[in-house]
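Notes follow the structure.
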Amino acid sequence: MSKRDYYEVLGVAKDADENTIKRAYRKLAMKYHPDRNPDDEVAAEKFREVTEAYEVLTDAEKRSRYDQYGHAGVDEQMQDFWGRGAQDSHAFRDFGDMFGDVFGDMFGFGGGGGRASRGSDLRYNLSMTLEEAAAGHEVELKIPKHETCKTCRGSGARPGTSPVPCNTCGGHGQVQMQQGFFAVRRTCPTCHGSGTRIESPCIECGGAGRVKVEKKLKIKVPAGVYDGAQVRVAGEGEAGQNGTPPGDLYVVINLKEHPIFERDGADLYCTMPITFPQATLGAEVEAPTLNGRVKIKIPAGTEAGRVFRLRGHGVTDVRSGNQKGDLYVRVQIAVPKKMSARQEQLLREFANEAGDELYPERSSFLDKVKEFWDELAGESK
């Protein structure tokens, strides 16, 4: 049976670059892989065919001979390729990388069998007031965590003894199963990837290599820290397995709601009521700040909603470390809810005597409303 053209097998042009060939191969290899098509001889043959084509077309020397002489130029090389086992070729290494990306450890291509990773990171939620966040301070935390056992130094074995290689995987942390010409590696079910077993467990940790503790830590929170910010404390997370390095601790800041101020970055905002006489006649009033109070001069005729900017009365910009934001005070006119008969009488006399002339904004609005109503009346005739 004559072989098909390798470019035709992969569905690529003869001038295709290596990346194009690699993408085409991966797509077809995924489609025809024996593990996805068990007991399907046609798929198995297709898989061999696309792998053979890929191995030739991604090797510059072989591709050159194939382009010049066809299959005759690479026959000897291909026989050698299949004779020594496909798992040793770069084609299968690339295929292993692909399956590692798509299926993880299912086919054992995760790599690094028997190598334990660092410990897990820990998260601690720290509630703070706005005043505390603005000033910055040092807090003491109690963190429940696992630390490396000091008795066995993380090995899990009783002092004077050592872990021995796992009988199942021979210390590799993975076992290999042969499926036809394709080798599949999986995490060892006995040692769970560590590659070792403990014959004499440490009395302190019971062979775990770690002990549970509650550690006290002093954490310095920088001035101006914002809600949701994370303070990283390197090496204070969970201890790793088998004495590997610990993870990190992340202290997450949760700011409590403030009864007066709202925060936006380094700036603060608040709404402050003033009386009608203060807004009308002008006054000097005290506005709250995070550190106390500051005097604001209210000009005569101040309207509701006017904002006064107080420079430098915000919080420290945590990024710069020294610049402070501003405080924005928005005034609103407080309306009396309960008045005496005398006060009500005086207010009515004032209203009757003042009329709308004292309120230019209201007079302007009423003029526009009257004009609008006149237009409506004209259209209805």
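Chain labels follow the order of the structure tokens: the first chain is A, the next B, and so on; residue numbering restarts at 1 in every chain, and ligands are counted from 1 in their shown order.
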Between region 164-240 of chain A and region 139-155 of chain A, at 9 Å or less, what are the per-residue closest atom pairs and their distances in Å? Count only C-alpha atoms, order by chain and rising residue number, and return it as a Markdown table.
| residue | atom | partner | partner_atom | distance |
| --- | --- | --- | --- | --- |
| A:Ile198 | CA | A:Ser155 | CA | 8.8 |
| A:Cys202 | CA | A:Cys152 | CA | 6.3 |
| A:Ile203 | CA | A:Thr151 | CA | 8.5 |
| A:Glu204 | CA | A:Thr151 | CA | 6.7 |
| A:Cys205 | CA | A:Cys149 | CA | 6.4 |
| A:Gly207 | CA | A:Ser155 | CA | 7.6 |
| A:Ala208 | CA | A:Gly154 | CA | 7.7 |
| A:Gly209 | CA | A:Gly154 | CA | 4.0 |
| A:Arg210 | CA | A:Thr148 | CA | 4.5 |
| A:Val211 | CA | A:His146 | CA | 5.3 |
| A:Lys212 | CA | A:His146 | CA | 4.4 |
| A:Val213 | CA | A:Lys145 | CA | 5.6 |
| A:Glu214 | CA | A:Pro144 | CA | 4.3 |
| A:Lys215 | CA | A:Ile143 | CA | 5.1 |
| A:Lys216 | CA | A:Lys142 | CA | 4.6 |
| A:Leu217 | CA | A:Leu141 | CA | 5.2 |
| A:Lys218 | CA | A:Glu140 | CA | 4.3 |
| A:Ile219 | CA | A:Val139 | CA | 5.3 |
| A:Lys220 | CA | A:Val139 | CA | 6.4 |
| A:Val221 | CA | A:Val139 | CA | 7.5 |
| A:Glu236 | CA | A:Lys145 | CA | 8.7 |
| A:Gly237 | CA | A:Lys145 | CA | 7.2 |
| A:Glu238 | CA | A:His146 | CA | 5.3 |
| A:Ala239 | CA | A:Glu147 | CA | 4.9 |
| A:Gly240 | CA | A:Thr148 | CA | 7.4 |
Worksheet item: If we count only C-alpha atoms, what is near Ser200 (chain A) at a cut-off of 10 Å, once residues fewer than 4 positions away on the same chain are taken out, given as a PyMOL selection string?
Response: chain A and resi 156-163+206-207
File dump, residues just selected, all heavy atoms, as a tab-separated table (two decimals), in the first residue's frame:
chain	number	residue	atom	x	y	z
A	156	GLY	N	9.33	13.64	57.98
A	156	GLY	CA	8.29	12.73	58.43
A	156	GLY	C	8.85	11.47	59.06
A	156	GLY	O	8.09	10.66	59.62
A	157	ALA	N	10.15	11.27	58.97
A	157	ALA	CA	10.78	10.06	59.50
A	157	ALA	C	11.37	10.31	60.88
A	157	ALA	O	11.82	11.42	61.19
A	157	ALA	CB	11.87	9.56	58.56
A	158	ARG	N	11.36	9.29	61.70
A	158	ARG	CA	11.93	9.40	63.05
A	158	ARG	C	13.42	9.74	62.95
A	158	ARG	O	14.12	9.24	62.06
A	158	ARG	CB	11.75	8.08	63.79
A	158	ARG	CG	12.24	8.10	65.25
A	158	ARG	CD	11.92	6.80	65.93
A	158	ARG	NE	10.48	6.56	65.97
A	158	ARG	CZ	9.92	5.48	66.51
A	158	ARG	NH1	10.70	4.53	67.03
A	158	ARG	NH2	8.62	5.33	66.51
A	159	PRO	N	13.90	10.66	63.83
A	159	PRO	CA	15.32	11.03	63.79
A	159	PRO	C	16.22	9.79	63.79
A	159	PRO	O	16.00	8.85	64.55
A	159	PRO	CB	15.50	11.86	65.06
A	159	PRO	CG	14.15	12.45	65.31
A	159	PRO	CD	13.17	11.41	64.88
A	160	GLY	N	17.21	9.81	62.94
A	160	GLY	CA	18.11	8.68	62.81
A	160	GLY	C	17.72	7.76	61.68
A	160	GLY	O	18.48	6.86	61.31
A	161	THR	N	16.51	7.96	61.13
A	161	THR	CA	16.06	7.18	59.98
A	161	THR	C	15.75	8.12	58.83
A	161	THR	O	15.70	9.33	59.00
A	161	THR	CB	14.80	6.36	60.32
A	161	THR	OG1	13.70	7.26	60.54
A	161	THR	CG2	15.02	5.51	61.56
A	162	SER	N	15.53	7.56	57.68
A	162	SER	CA	15.22	8.36	56.49
A	162	SER	C	14.12	7.68	55.69
A	162	SER	O	13.95	6.46	55.77
A	162	SER	CB	16.46	8.51	55.59
A	162	SER	OG	17.51	9.15	56.28
A	163	PRO	N	13.35	8.46	54.93
A	163	PRO	CA	12.37	7.85	54.03
A	163	PRO	C	13.09	6.95	53.02
A	163	PRO	O	14.22	7.23	52.63
A	163	PRO	CB	11.72	9.05	53.33
A	163	PRO	CG	11.96	10.20	54.25
A	163	PRO	CD	13.30	9.93	54.88
A	206	GLY	N	3.80	12.44	63.46
A	206	GLY	CA	3.12	11.24	62.98
A	206	GLY	C	3.44	10.89	61.54
A	206	GLY	O	2.66	10.22	60.87
A	207	GLY	N	4.57	11.40	61.04
A	207	GLY	CA	4.97	11.11	59.68
A	207	GLY	C	4.52	12.13	58.66
A	207	GLY	O	4.86	12.04	57.47
Worksheet entry | Atomic separation - CA of Arg311 (chain A) relative to CA of Val231 (chain A), Å |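 Here the two named atoms are 28.4 Å from each other.
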Item to complete: Return the single residue from A:Pro222, A:Arg319, A:Ile253, A:Ala334 that is closest to Phe276 (chain A), with distances computed using only C-alpha atoms.
Response: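 Looking only at the distances to Phe276 (chain A), the closest residue turns out to be A:Ala334.
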Practice prompt. Check the smallest atom-to-atom distance from each of A:Gly136, A:Gly325, A:Pro299, A:Gly195 to Tyr269 (chain A) using only C-alpha atoms, then report the winner.
Written response: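 Checking each of A:Gly136, A:Gly325, A:Pro299, A:Gly195 against Tyr269 (chain A), counting only C-alpha atoms, the winner is A:Gly325.
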Worksheet item: Which residues in region 170-348 of chain A does DSSP call helix (DSSP H, G or I)? List them as a PyMOL selection string.
Response: chain A and resi 241-243+276-281+341-348
Within 7 Å of region 42-52 of chain A, counting only C-alpha atoms, which residues qualify if same-chain residues fewer than 2 places away don't, as a short mmCIF file (atom, residue, chain, number, x, y, z; two decimals) with N, CA and C atoms, in the first residue's frame?
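This went into around-v7.cif:
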data_model
loop_
_atom_site.label_atom_id
_atom_site.label_comp_id
_atom_site.auth_asym_id
_atom_site.auth_seq_id
_atom_site.Cartn_x
_atom_site.Cartn_y
_atom_site.Cartn_z
N VAL A 9 -1.43 14.51 4.25
CA VAL A 9 -1.84 13.87 5.50
C VAL A 9 -2.17 14.91 6.57
N LEU A 10 -1.32 15.94 6.66
CA LEU A 10 -1.53 16.99 7.67
C LEU A 10 -2.44 18.10 7.20
N TYR A 25 -0.83 19.16 13.16
CA TYR A 25 -0.56 17.85 13.77
C TYR A 25 -1.31 17.68 15.09
N ALA A 29 -3.78 14.75 15.85
CA ALA A 29 -3.37 13.81 16.87
C ALA A 29 -4.40 13.71 17.98
N TYR A 32 -7.30 11.49 16.55
CA TYR A 32 -7.08 10.06 16.31
C TYR A 32 -6.34 9.34 17.44
N HIS A 33 -6.05 10.02 18.55
CA HIS A 33 -5.26 9.40 19.60
C HIS A 33 -5.92 8.11 20.09
N PRO A 34 -5.14 7.03 20.30
CA PRO A 34 -5.70 5.73 20.72
C PRO A 34 -6.52 5.78 22.00
N ASN A 37 -9.87 6.75 21.08
CA ASN A 37 -10.50 5.83 20.13
C ASN A 37 -10.08 4.38 20.43
N ASP A 40 -10.01 0.98 17.98
CA ASP A 40 -10.32 1.48 16.64
C ASP A 40 -9.04 1.45 15.81
N TYR A 54 4.43 14.32 10.71
CA TYR A 54 4.89 15.42 11.55
C TYR A 54 6.38 15.29 11.86
N GLU A 55 6.81 14.06 12.17
CA GLU A 55 8.21 13.83 12.54
C GLU A 55 9.14 14.18 11.38
N VAL A 56 8.69 13.92 10.17
CA VAL A 56 9.52 14.21 9.00
C VAL A 56 9.50 15.70 8.67
#
